[in-house]
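Presented below is the structure to which this report refers.
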Amino acid sequence: MTSMGHPSDQNLETKEIDLRSMSSSSHGQVPQVYKVAVPPRQNLFKEFQDIIKEILFADDPLRPFKDQSISRKFILGIEAIFPILKWGRSYNLKKFRGDLISGLTIASLCIPQDIGYAKLAHLSPQYGLYSSFVPPLIYAVMGSSRDIAIGPVAVVSLLLGTLLSNEIDPIKNAEEYQRLAFTATFFAGITQATLGVLRLGFLIDFLSHAAIVGFMGGAAITISLQQLKGFLGIKTKMFTTKTDIVSVLHSVFHTAHHGWNWETIVIGASFLSFLLVTKYIGKKNRRLFWLPAIAPLISVILSTFFVFITRADKQGVEIVRKIEKGINPSSVKDLYLTGENLGKGFKVGIVAGMIALTEASAIGRTFASMKDYQLDGNKEMVALGTMNIVGSMTSCYVATGSFSRSAVNFMAGCQTAVSNIVMSVVVFLTLEFITPLFKYTPNAILSAIIISAVINLKDYEAAILIWKIDKFDFVACMGAFFGVVFVSVEIGLLIAVCISFAKILLQVTRPRTAILGKIPRTNVYRNIQQYPEASKVPGVLIVRVDSAVYFSNSNYVKERTLRWLTDEEEKVKGDYPTKIQFLIVEMSPVTDIDTSGIQAFEELHRSLQKREIELVLANPGPVVTEKLYASNLANAIGEEKIFLTVAEAVAYCSPKVAEDP
């Protein structure tokens with residue numbers, strides 16, 4: 001074997017060893033092979049720099065700035081903050097035609113939805129419209145998604161309404177509640193923008209897809225149940241303020257004899273049927289995508305006209321009554337920047353901001369992949385955060401990407417974010433001239449619109465697929481779902497987060513390990529559970545560790561390996577020819593190891609020595625190899641017992657079984 005030298009930055013020193021077995025003297029010399037190479041030692045500062053780069057700048061955002069003049073770098077920097085300056089240069093009439101049609105289409109959908117969503121957040125109807133006027137304009141200038149449609153959404157409206165009403169009564173203290181809503185929106189924007197600036201967008205990925213599916217499904221049920229108040233014509237004072245299914249259904253049936261209004265039920269049921277039929281038609285025939293998009297506005301117009309000419313409001317049909325005319329007033333002075341309500345707004349804002357961010361990111365990625373363009377998640381966070389910060393100062397509450405509107409926007413042929421500008425202009429005209437016409441709009445139609453909108457949030461197919469793929473994910477999905485439906489939105493969200501973290505902890509602390517066997521007529525070694533035909537090597541136990549080895553799992557890896565060894569020894573007990581004499585640890589999946597991991601392997605090595613079993617390592621990666629040598633563990637085990645492949649390690653242990661019989 002060639003002697004060891006110190007690694008340098010210029011070259012890798014590879015070591016060659018002779019493959020030996022326990023009977024090497026009688027079988028002669030075998031061909032030399034390359035040994036595992038020790039990577040060159042990096043400069044400490046450069047190593048730290050590389051780690052930070054991979055964590056925060058994995059997408060290499062500064063690449064376009066390389067080898068550019070100072071003036072060009074300045075222009076690129078401005079374009080990075082305001083993407084509209086980049087794609088705006090190539091904007092033309094053809095693109096505008098597509099954006100105009102899609103903008104008008106989503107505007108017809110958003111106006112009735114916004115009025116309903118504002119009520120879901122326990123705010124006056126105009127605040128929903130305000131939130132579809134200013135935020136979309138900001139996003140169009142700073143956002144990088146071509147398809148996402150901005151405005152209030154059902155889940156965030158429900159979440160905001162639930163969390164805020166826990167702090168302040170929206171009926172008794174309407175003005176304070178409204179101010180707290182703006183404050184929460186401000187901190188939601190601060191949270192989103194901060195995550196983007198600090199490039200910490202990966203934090204939202206800790207809420208798993210399964211947990212989101214369950215949370216959204218539960219929220220859809222809860223939102224639909226909340227609409228029964230308006231759908232059945234139940235007076236506000238007779239309806240529960242709780243959101244769990246038991247309390248809501250108890251409230252509904254308790255008022256059945258004296259609280260329901262049959263005229264309201266007829267209006268709600270008729271137009272809900274109309275909305276569901278149009279949605280079904282649009283789903284079956286994609287060319288008629290515009291039909292379910294304009295159906296809510298048609299429903300509002302027809303129901304408003306019907307109530308006006310019949311004066312059904314005098315028969316107990318609840319109506320909107322008044323929507324403030326004019327564009328968003330300033331709300332800068334309404335923000336709570338001192339006092340106890342500052343903390344309340346901060347707490348609610350962080351939760352609402354994270355959920356809004358999760359929904360917008362999922363929607364943006366979905367449509368970006370459909371059109372095959374890249375979406376910068378951190379820029380999106382800055383754009384969403386900025387629009388909510390500005391929105392909080394212009395009487396808006398938390399806005400984000402709406403899946404239903406974004407889907408309509410996509411199918412209508414939008415080309416750029418100009419469709420958001422078109423929608424915003426239509427909302428502006430509505431606020432200036434049309435809001436008085438909504439006076440006789442029945443609350444039942446708003447409830448019907450919300451119910452039809454949230455139906456899509458219940459993704460049964462995704463839940464079934466989750467069950468088929470990963471049972472633990474399904475537990476997370478159902479935990480979030482039942483938490484929202486049977487307890488509250490915040491508890492459901494807490495369960496979703498806790499189960500997501502529990503899964504991460506479980507996978508980190510209890511990594512998978514496997515026994516490997518040799519695939520017949522090959523030198524390939526694979527999991528014997530996956531490949532039952534794979535044969536074990538007599539006298540040799542091959543264990544694969546399928547994870548990095550850290551302080552959180554090092555003790556488990558050691559104990560699980562010894563348990564594999566004990567199980568195998570019991571199987572061959574008393575059979576001297578097949579008695580385990582070598583333990584090979586396949587380390588190719590082990591991407592990293594820390595000091596606790598090194599210590600665990602040292603303890604494993606000492607334990608094996610007492611049993612007269614040799615420890616052999618196969619294919620450790622560069623990071624692991626460097627630490628093995630730095631800790632002197634490689635010398636303790638024996639450098640000649642660290643191999644490039646499992647096959648070479650087996651050949652060292654037992655050359656008779658290294659070849660096919």
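In the structure tokens, each chain is lettered A, B, ... as it comes, each chain's residues begin at 1, and ligands are numbered from 1 in order of appearance.
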
Practice task
Might you pull out every residue within 6 Å of region 262-274 of chain A, with only C-alpha atoms counted and same-chain residues fewer than 4 positions away left off, and present them as a list in words?
Solution key: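 What passes the distance filter is Phe231, Leu232, Gly233, Val317, Ala444, Ile445 and Ala448 of chain A.
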
Print the selection's residues with N, CA and C atoms to a file, as a short mmCIF file (atom, residue, chain, number, x, y, z; two decimals), in the first residue's frame.
data_model
loop_
_atom_site.label_atom_id
_atom_site.label_comp_id
_atom_site.auth_asym_id
_atom_site.auth_seq_id
_atom_site.Cartn_x
_atom_site.Cartn_y
_atom_site.Cartn_z
N PHE A 231 -76.99 31.81 4.41
CA PHE A 231 -77.72 30.96 3.47
C PHE A 231 -79.13 30.64 3.98
N LEU A 232 -79.26 30.48 5.30
CA LEU A 232 -80.55 30.13 5.90
C LEU A 232 -81.28 31.33 6.47
N GLY A 233 -80.62 32.50 6.45
CA GLY A 233 -81.26 33.71 6.95
C GLY A 233 -81.30 33.81 8.46
N VAL A 317 -85.37 38.98 4.41
CA VAL A 317 -84.17 38.64 3.64
C VAL A 317 -83.08 39.65 3.97
N ALA A 444 -77.53 35.98 1.21
CA ALA A 444 -77.60 34.58 0.80
C ALA A 444 -76.81 34.32 -0.47
N ILE A 445 -76.80 35.28 -1.38
CA ILE A 445 -76.07 35.08 -2.64
C ILE A 445 -74.57 35.13 -2.39
N ALA A 448 -73.72 31.78 -1.05
CA ALA A 448 -73.71 30.79 -2.14
C ALA A 448 -72.43 30.90 -2.96
#

Who sits within 8 Å of Ile111 (chain A), only C-alpha atoms, same chain under 2 positions skipped, as a CSV table (one decimal) with N, CA, C and O atoms, in the first residue's frame:
chain,number,residue,atom,x,y,z
A,107,ALA,N,-62.0,40.1,-13.0
A,107,ALA,CA,-62.6,41.1,-12.3
A,107,ALA,C,-64.1,40.8,-12.0
A,107,ALA,O,-64.6,41.1,-10.9
A,108,SER,N,-64.8,40.2,-13.0
A,108,SER,CA,-66.2,39.8,-12.8
A,108,SER,C,-66.3,38.7,-11.7
A,108,SER,O,-67.3,38.6,-11.1
A,109,LEU,N,-65.2,37.9,-11.5
A,109,LEU,CA,-65.2,36.9,-10.5
A,109,LEU,C,-64.9,37.5,-9.1
A,109,LEU,O,-65.5,37.1,-8.1
A,113,GLN,N,-66.9,37.9,-5.0
A,113,GLN,CA,-66.1,37.2,-4.0
A,113,GLN,C,-65.5,38.1,-2.9
A,113,GLN,O,-65.6,37.7,-1.7
A,114,ASP,N,-65.0,39.2,-3.3
A,114,ASP,CA,-64.4,40.1,-2.3
A,114,ASP,C,-65.4,40.6,-1.3
A,114,ASP,O,-65.0,40.7,-0.1
A,115,ILE,N,-66.6,40.9,-1.7
A,115,ILE,CA,-67.6,41.3,-0.8
A,115,ILE,C,-67.9,40.2,0.2
A,115,ILE,O,-68.0,40.5,1.4
A,129,LEU,N,-63.1,44.9,-1.5
A,129,LEU,CA,-62.8,45.5,-2.8
A,129,LEU,C,-61.6,46.4,-2.7
A,129,LEU,O,-60.8,46.4,-3.7
A,297,LEU,N,-71.1,37.1,-10.8
A,297,LEU,CA,-71.5,38.5,-11.0
A,297,LEU,C,-72.9,38.5,-11.5
A,297,LEU,O,-73.8,39.3,-11.1
A,427,VAL,N,-62.1,47.2,-10.6
A,427,VAL,CA,-62.4,47.4,-9.2
A,427,VAL,C,-62.5,48.9,-8.8
A,427,VAL,O,-63.4,49.3,-8.0

Excluding Phe65 (chain A) and its own-chain neighbours fewer than 4 positions away, which residues fall within 12 Å of it when counting only C-alpha atoms? Please give them as a PDB file with C-alpha atoms, in the first residue's frame.
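Final output, out_18.pdb:
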ATOM      1  CA  ASP A  60     -27.038  32.000  -7.596  1.00  0.00           C
ATOM      2  CA  PRO A  61     -29.040  35.268  -7.956  1.00  0.00           C
ATOM      3  CA  SER A  69     -20.268  47.426 -15.955  1.00  0.00           C
ATOM      4  CA  ILE A  70     -21.380  49.472 -12.945  1.00  0.00           C
ATOM      5  CA  SER A  71     -24.164  51.151 -14.935  1.00  0.00           C
ATOM      6  CA  ARG A  72     -25.393  47.817 -16.242  1.00  0.00           C
ATOM      7  CA  LYS A  73     -25.332  46.343 -12.720  1.00  0.00           C
ATOM      8  CA  PHE A  74     -27.434  49.272 -11.527  1.00  0.00           C
ATOM      9  CA  ILE A  75     -30.006  48.655 -14.274  1.00  0.00           C
ATOM     10  CA  LEU A  76     -30.090  44.922 -13.530  1.00  0.00           C
ATOM     11  CA  GLY A  77     -30.574  45.693  -9.834  1.00  0.00           C
ATOM     12  CA  ILE A  78     -33.548  47.953 -10.552  1.00  0.00           C
ATOM     13  CA  GLU A  79     -35.025  45.303 -12.874  1.00  0.00           C
ATOM     14  CA  ALA A  80     -34.585  42.650 -10.177  1.00  0.00           C
TER      15      ALA A  80
END

Handout entry: Residue nearest Leu604 (chain A) - candidates A:Tyr460, A:Arg563, A:Ile204, A:Ile528, atoms counted: only C-alpha atoms
Key = A:Arg563

Practice task
For region 366-375 of chain A, list every protein, DNA or RNA residue within 7 Å, evaluated using only C-alpha atoms, and leave out those in the same chain fewer than 5 positions away; present the list as a VMD selection string.
Solution key: chain A and resid 144 to 145 147

Could you turn the residues from that selection into a file that holds N, CA, C and O atoms, as a PDB file, in the first residue's frame?
ATOM      1  N   SER A 144     -43.144  38.433 -10.065  1.00  0.00           N
ATOM      2  CA  SER A 144     -42.539  37.781 -11.235  1.00  0.00           C
ATOM      3  C   SER A 144     -43.429  36.709 -11.849  1.00  0.00           C
ATOM      4  O   SER A 144     -43.092  36.150 -12.885  1.00  0.00           O
ATOM      5  N   SER A 145     -44.584  36.426 -11.235  1.00  0.00           N
ATOM      6  CA  SER A 145     -45.507  35.449 -11.816  1.00  0.00           C
ATOM      7  C   SER A 145     -46.376  36.118 -12.869  1.00  0.00           C
ATOM      8  O   SER A 145     -46.878  37.229 -12.665  1.00  0.00           O
ATOM      9  N   ASP A 147     -49.167  34.653 -14.013  1.00  0.00           N
ATOM     10  CA  ASP A 147     -50.514  34.087 -13.970  1.00  0.00           C
ATOM     11  C   ASP A 147     -51.272  34.311 -12.672  1.00  0.00           C
ATOM     12  O   ASP A 147     -52.492  34.210 -12.662  1.00  0.00           O
TER      13      ASP A 147
END

Problem - From A:Cys396, A:Ala154, A:Ala649, A:Cys110, residue lying nearest Ala295 (chain A) [only C-alpha atoms] - result: A:Cys110

Problem - Atomic distance CA of Val487 (chain A) - CA of Glu461 (chain A), expressed in Å with one decimal - result: 24.4 Å

Write out as an mmCIF file with N, CA, C and O atoms, in the first residue's frame all residues of region 397-472 of chain A that backbone DSSP assigns to alpha helix (DSSP H).
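Ended up saving to part.cif:
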data_model
loop_
_atom_site.group_PDB
_atom_site.id
_atom_site.type_symbol
_atom_site.label_atom_id
_atom_site.label_comp_id
_atom_site.auth_asym_id
_atom_site.auth_seq_id
_atom_site.Cartn_x
_atom_site.Cartn_y
_atom_site.Cartn_z
ATOM 1 N N PHE A 403 -56.382 30.862 -5.878
ATOM 2 C CA PHE A 403 -56.276 29.746 -6.819
ATOM 3 C C PHE A 403 -57.391 29.788 -7.855
ATOM 4 O O PHE A 403 -57.146 29.594 -9.051
ATOM 5 N N SER A 404 -58.631 30.049 -7.424
ATOM 6 C CA SER A 404 -59.752 30.056 -8.371
ATOM 7 C C SER A 404 -59.574 31.155 -9.418
ATOM 8 O O SER A 404 -59.763 30.934 -10.615
ATOM 9 N N ARG A 405 -59.184 32.344 -8.972
ATOM 10 C CA ARG A 405 -58.999 33.449 -9.915
ATOM 11 C C ARG A 405 -57.767 33.248 -10.781
ATOM 12 O O ARG A 405 -57.766 33.594 -11.964
ATOM 13 N N SER A 406 -56.720 32.690 -10.195
ATOM 14 C CA SER A 406 -55.503 32.431 -10.981
ATOM 15 C C SER A 406 -55.766 31.388 -12.064
ATOM 16 O O SER A 406 -55.244 31.495 -13.174
ATOM 17 N N ALA A 407 -56.587 30.382 -11.727
ATOM 18 C CA ALA A 407 -56.939 29.363 -12.718
ATOM 19 C C ALA A 407 -57.723 29.981 -13.872
ATOM 20 O O ALA A 407 -57.475 29.683 -15.050
ATOM 21 N N VAL A 408 -58.671 30.859 -13.537
ATOM 22 C CA VAL A 408 -59.447 31.557 -14.575
ATOM 23 C C VAL A 408 -58.533 32.470 -15.387
ATOM 24 O O VAL A 408 -58.635 32.547 -16.615
ATOM 25 N N ASN A 409 -57.636 33.147 -14.702
ATOM 26 C CA ASN A 409 -56.670 34.031 -15.360
ATOM 27 C C ASN A 409 -55.832 33.257 -16.374
ATOM 28 O O ASN A 409 -55.614 33.697 -17.504
ATOM 29 N N PHE A 410 -55.386 32.078 -15.959
ATOM 30 C CA PHE A 410 -54.575 31.212 -16.822
ATOM 31 C C PHE A 410 -55.366 30.745 -18.038
ATOM 32 O O PHE A 410 -54.904 30.831 -19.184
ATOM 33 N N MET A 411 -56.593 30.262 -17.796
ATOM 34 C CA MET A 411 -57.406 29.740 -18.896
ATOM 35 C C MET A 411 -57.897 30.840 -19.838
ATOM 36 O O MET A 411 -58.166 30.587 -21.010
ATOM 37 N N VAL A 418 -50.128 42.312 -16.243
ATOM 38 C CA VAL A 418 -51.021 43.416 -16.621
ATOM 39 C C VAL A 418 -52.481 43.036 -16.378
ATOM 40 O O VAL A 418 -53.329 43.901 -16.146
ATOM 41 N N SER A 419 -52.782 41.729 -16.414
ATOM 42 C CA SER A 419 -54.156 41.293 -16.133
ATOM 43 C C SER A 419 -54.575 41.731 -14.727
ATOM 44 O O SER A 419 -55.748 42.059 -14.498
ATOM 45 N N ASN A 420 -53.635 41.774 -13.784
ATOM 46 C CA ASN A 420 -53.926 42.279 -12.439
ATOM 47 C C ASN A 420 -54.229 43.771 -12.460
ATOM 48 O O ASN A 420 -55.077 44.255 -11.709
ATOM 49 N N ILE A 421 -53.523 44.495 -13.328
ATOM 50 C CA ILE A 421 -53.772 45.936 -13.454
ATOM 51 C C ILE A 421 -55.161 46.181 -14.018
ATOM 52 O O ILE A 421 -55.903 47.061 -13.546
ATOM 53 N N VAL A 422 -55.542 45.394 -15.036
ATOM 54 C CA VAL A 422 -56.879 45.518 -15.630
ATOM 55 C C VAL A 422 -57.942 45.232 -14.572
ATOM 56 O O VAL A 422 -58.924 45.975 -14.437
ATOM 57 N N MET A 423 -57.752 44.167 -13.806
ATOM 58 C CA MET A 423 -58.693 43.833 -12.730
ATOM 59 C C MET A 423 -58.782 44.976 -11.726
ATOM 60 O O MET A 423 -59.876 45.353 -11.282
ATOM 61 N N SER A 424 -57.641 45.535 -11.377
ATOM 62 C CA SER A 424 -57.602 46.625 -10.407
ATOM 63 C C SER A 424 -58.354 47.853 -10.914
ATOM 64 O O SER A 424 -59.068 48.517 -10.154
ATOM 65 N N VAL A 425 -58.222 48.147 -12.202
ATOM 66 C CA VAL A 425 -58.934 49.290 -12.798
ATOM 67 C C VAL A 425 -60.442 49.069 -12.736
ATOM 68 O O VAL A 425 -61.207 49.987 -12.416
ATOM 69 N N VAL A 426 -60.883 47.850 -13.027
ATOM 70 C CA VAL A 426 -62.319 47.537 -12.967
ATOM 71 C C VAL A 426 -62.831 47.689 -11.532
ATOM 72 O O VAL A 426 -63.927 48.230 -11.307
ATOM 73 N N VAL A 427 -62.059 47.227 -10.564
ATOM 74 C CA VAL A 427 -62.450 47.373 -9.150
ATOM 75 C C VAL A 427 -62.508 48.851 -8.774
ATOM 76 O O VAL A 427 -63.415 49.291 -8.048
ATOM 77 N N PHE A 428 -61.558 49.629 -9.286
ATOM 78 C CA PHE A 428 -61.556 51.084 -9.044
ATOM 79 C C PHE A 428 -62.844 51.724 -9.565
ATOM 80 O O PHE A 428 -63.492 52.512 -8.866
ATOM 81 N N LEU A 429 -63.239 51.372 -10.792
ATOM 82 C CA LEU A 429 -64.470 51.915 -11.376
ATOM 83 C C LEU A 429 -65.691 51.469 -10.568
ATOM 84 O O LEU A 429 -66.648 52.236 -10.392
ATOM 85 N N ASN A 443 -77.528 38.695 1.367
ATOM 86 C CA ASN A 443 -76.388 37.987 1.955
ATOM 87 C C ASN A 443 -76.354 36.524 1.524
ATOM 88 O O ASN A 443 -75.288 35.907 1.464
ATOM 89 N N ALA A 444 -77.529 35.978 1.213
ATOM 90 C CA ALA A 444 -77.602 34.575 0.802
ATOM 91 C C ALA A 444 -76.806 34.321 -0.469
ATOM 92 O O ALA A 444 -76.191 33.256 -0.617
ATOM 93 N N ILE A 445 -76.800 35.285 -1.380
ATOM 94 C CA ILE A 445 -76.071 35.080 -2.638
ATOM 95 C C ILE A 445 -74.570 35.127 -2.386
ATOM 96 O O ILE A 445 -73.781 34.408 -3.019
ATOM 97 N N LEU A 446 -74.136 35.958 -1.439
ATOM 98 C CA LEU A 446 -72.717 36.001 -1.083
ATOM 99 C C LEU A 446 -72.297 34.680 -0.453
ATOM 100 O O LEU A 446 -71.207 34.169 -0.731
ATOM 101 N N SER A 447 -73.174 34.117 0.384
ATOM 102 C CA SER A 447 -72.890 32.808 0.991
ATOM 103 C C SER A 447 -72.797 31.733 -0.081
ATOM 104 O O SER A 447 -71.914 30.870 -0.040
ATOM 105 N N ALA A 448 -73.720 31.776 -1.052
ATOM 106 C CA ALA A 448 -73.708 30.791 -2.140
ATOM 107 C C ALA A 448 -72.432 30.903 -2.964
ATOM 108 O O ALA A 448 -71.838 29.890 -3.362
ATOM 109 N N ILE A 449 -71.978 32.127 -3.217
ATOM 110 C CA ILE A 449 -70.750 32.352 -3.993
ATOM 111 C C ILE A 449 -69.541 31.789 -3.250
ATOM 112 O O ILE A 449 -68.676 31.134 -3.844
ATOM 113 N N ILE A 450 -69.479 32.023 -1.941
ATOM 114 C CA ILE A 450 -68.345 31.524 -1.147
ATOM 115 C C ILE A 450 -68.356 30.003 -1.097
ATOM 116 O O ILE A 450 -67.316 29.355 -1.261
ATOM 117 N N ILE A 451 -69.539 29.411 -0.889
ATOM 118 C CA ILE A 451 -69.631 27.945 -0.832
ATOM 119 C C ILE A 451 -69.162 27.335 -2.148
ATOM 120 O O ILE A 451 -68.385 26.372 -2.164
ATOM 121 N N SER A 452 -69.603 27.895 -3.267
ATOM 122 C CA SER A 452 -69.193 27.356 -4.578
ATOM 123 C C SER A 452 -67.704 27.555 -4.828
ATOM 124 O O SER A 452 -67.065 26.745 -5.506
ATOM 125 N N ALA A 453 -67.141 28.630 -4.248
ATOM 126 C CA ALA A 453 -65.715 28.912 -4.461
ATOM 127 C C ALA A 453 -64.825 27.974 -3.660
ATOM 128 O O ALA A 453 -63.765 27.553 -4.139
ATOM 129 N N VAL A 454 -65.239 27.627 -2.422
ATOM 130 C CA VAL A 454 -64.360 26.828 -1.560
ATOM 131 C C VAL A 454 -64.494 25.327 -1.807
ATOM 132 O O VAL A 454 -63.723 24.545 -1.247
ATOM 133 N N TYR A 460 -60.181 15.676 -2.715
ATOM 134 C CA TYR A 460 -60.306 14.267 -2.327
ATOM 135 C C TYR A 460 -59.243 13.402 -3.005
ATOM 136 O O TYR A 460 -58.689 12.488 -2.393
ATOM 137 N N GLU A 461 -58.994 13.684 -4.284
ATOM 138 C CA GLU A 461 -58.035 12.870 -5.038
ATOM 139 C C GLU A 461 -56.640 12.965 -4.430
ATOM 140 O O GLU A 461 -55.915 11.970 -4.358
ATOM 141 N N ALA A 462 -56.269 14.171 -3.989
ATOM 142 C CA ALA A 462 -54.953 14.342 -3.361
ATOM 143 C C ALA A 462 -54.873 13.560 -2.058
ATOM 144 O O ALA A 462 -53.843 12.935 -1.763
ATOM 145 N N ALA A 463 -55.962 13.562 -1.281
ATOM 146 C CA ALA A 463 -55.974 12.822 -0.013
ATOM 147 C C ALA A 463 -55.845 11.319 -0.255
ATOM 148 O O ALA A 463 -55.115 10.622 0.464
ATOM 149 N N ILE A 464 -56.533 10.815 -1.277
ATOM 150 C CA ILE A 464 -56.447 9.388 -1.613
ATOM 151 C C ILE A 464 -55.033 9.028 -2.066
ATOM 152 O O ILE A 464 -54.480 7.987 -1.677
ATOM 153 N N LEU A 465 -54.438 9.915 -2.867
ATOM 154 C CA LEU A 465 -53.070 9.678 -3.338
ATOM 155 C C LEU A 465 -52.084 9.690 -2.175
ATOM 156 O O LEU A 465 -51.157 8.867 -2.128
ATOM 157 N N ILE A 466 -52.285 10.597 -1.233
ATOM 158 C CA ILE A 466 -51.426 10.662 -0.045
ATOM 159 C C ILE A 466 -51.514 9.354 0.742
ATOM 160 O O ILE A 466 -50.504 8.829 1.215
ATOM 161 N N TRP A 467 -52.729 8.808 0.871
ATOM 162 C CA TRP A 467 -52.910 7.536 1.567
ATOM 163 C C TRP A 467 -52.133 6.419 0.876
ATOM 164 O O TRP A 467 -51.503 5.591 1.532
ATOM 165 N N LYS A 468 -52.170 6.399 -0.437
ATOM 166 C CA LYS A 468 -51.488 5.345 -1.193
ATOM 167 C C LYS A 468 -49.967 5.461 -1.079
ATOM 168 O O LYS A 468 -49.265 4.456 -1.022
ATOM 169 N N ILE A 469 -49.473 6.697 -1.026
ATOM 170 C CA ILE A 469 -48.024 6.911 -1.067
ATOM 171 C C ILE A 469 -47.386 6.819 0.316
ATOM 172 O O ILE A 469 -46.375 6.139 0.505
ATOM 173 N N LYS A 471 -48.441 6.685 4.512
ATOM 174 C CA LYS A 471 -49.455 6.636 5.568
ATOM 175 C C LYS A 471 -49.222 7.708 6.628
ATOM 176 O O LYS A 471 -50.166 8.255 7.188
ATOM 177 N N PHE A 472 -47.958 8.014 6.915
ATOM 178 C CA PHE A 472 -47.674 9.049 7.916
ATOM 179 C C PHE A 472 -48.131 10.413 7.396
ATOM 180 O O PHE A 472 -48.666 11.234 8.153
#

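Reported to one decimal place, the separation of CA of Arg89 (chain A) from CA of Tyr139 (chain A) is 17.8 Å.
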
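Across A:Leu100, A:Leu357, A:Val252, A:Ala352, the tightest approach to Leu493 (chain A) is made by A:Ala352 when counting only C-alpha atoms.
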
Problem - From A:Ile491, A:Leu437, A:Met381, A:Val557, residue lying nearest Thr304 (chain A) [only C-alpha atoms] - result: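 Smallest separation from Thr304 (chain A) among the options: A:Leu437.
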
Exercise for the section: Give the strand (DSSP E or B) residues of region 362-608 of chain A, as DSSP finds them on the backbone, and put them as a list of chain:residue names. Expected result: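 Assigned to strand (DSSP E or B), within region 362-608 of chain A: A:Thr400, A:Gly401, A:Ser402, A:Pro442, A:Thr513, A:Ala514, A:Ile515, A:Leu516, A:Gly517, A:Lys518, A:Tyr525, A:Arg526, A:Asn527, A:Ser535, A:Val540, A:Leu541, A:Ile542, A:Val543, A:Arg544, A:Val545, A:Val549, A:Phe582, A:Leu583, A:Ile584, A:Val585, A:Glu586, A:Ile593.
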
Fill in the blank from the handout: Using only C-alpha atoms, the best pick from A:Leu617, A:Val197, A:Tyr117, A:Leu123 as closest to Ala174 (chain A) would be A:Leu123

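Between Ala600 (chain A) and the candidates A:Phe82, A:Phe582, A:Tyr280, A:Phe551, the tightest atom-to-atom separation, counting only C-alpha atoms, involves A:Phe551.
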
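Taking CA of Asp334 (chain A) and CA of Arg179 (chain A) as the two end points, the separation is 5.3 Å.
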
Practice task
With a distance cut-off of 7 Å and only C-alpha atoms, select the neighbouring residues of Arg510 (chain A), excluding the residue or stretch itself and same-chain residues fewer than 3 positions from it, and output the selection as a list in words.
Solution key: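 Near Arg510 (chain A), the qualifying residues are Leu506, Gln507, Asn553 and Tyr556 of chain A.
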
Exercise for the section: Extract, using only C-alpha atoms, all DNA, RNA and protein residues at most 12 Å from Arg512 (chain A), discarding same-chain residues fewer than 2 positions from it, and format them as a PyMOL selection string. Expected result: chain A and resi 506-510+514-515+527+543-549+553+556-557+560-561+589-590

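Neighbouring residues of Glu614 (chain A) at 10 Å or closer, counting only C-alpha atoms and skipping chain neighbours under 4 positions away, are Val540, Ile580, Gln581, Phe582, Leu583, Ile584, His605, Arg606, Leu608, Gln609, Lys610, Ile637, Gly638, Lys641 and Cys653 of chain A.
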
Output the selection as a PDB file, in the first residue's frame - C-alpha atoms for each residue.
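Output file part_12.pdb follows:
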ATOM      1  CA  VAL A 540     -20.114 -11.031   6.368  1.00  0.00           C
ATOM      2  CA  ILE A 580     -20.097 -13.217  11.369  1.00  0.00           C
ATOM      3  CA  GLN A 581     -16.489 -12.049  11.211  1.00  0.00           C
ATOM      4  CA  PHE A 582     -16.883  -8.804   9.256  1.00  0.00           C
ATOM      5  CA  LEU A 583     -19.375  -5.930   9.425  1.00  0.00           C
ATOM      6  CA  ILE A 584     -19.411  -3.795   6.267  1.00  0.00           C
ATOM      7  CA  HIS A 605     -15.741  -0.250  16.495  1.00  0.00           C
ATOM      8  CA  ARG A 606     -14.815  -0.993  20.134  1.00  0.00           C
ATOM      9  CA  LEU A 608     -17.130  -5.117  17.479  1.00  0.00           C
ATOM     10  CA  GLN A 609     -13.561  -5.651  18.635  1.00  0.00           C
ATOM     11  CA  LYS A 610     -14.865  -7.287  21.821  1.00  0.00           C
ATOM     12  CA  ILE A 637     -10.356   1.187  11.895  1.00  0.00           C
ATOM     13  CA  GLY A 638      -7.489   0.724   9.488  1.00  0.00           C
ATOM     14  CA  LYS A 641     -10.518  -1.347   5.506  1.00  0.00           C
ATOM     15  CA  CYS A 653     -13.334 -10.015   3.595  1.00  0.00           C
TER      16      CYS A 653
END
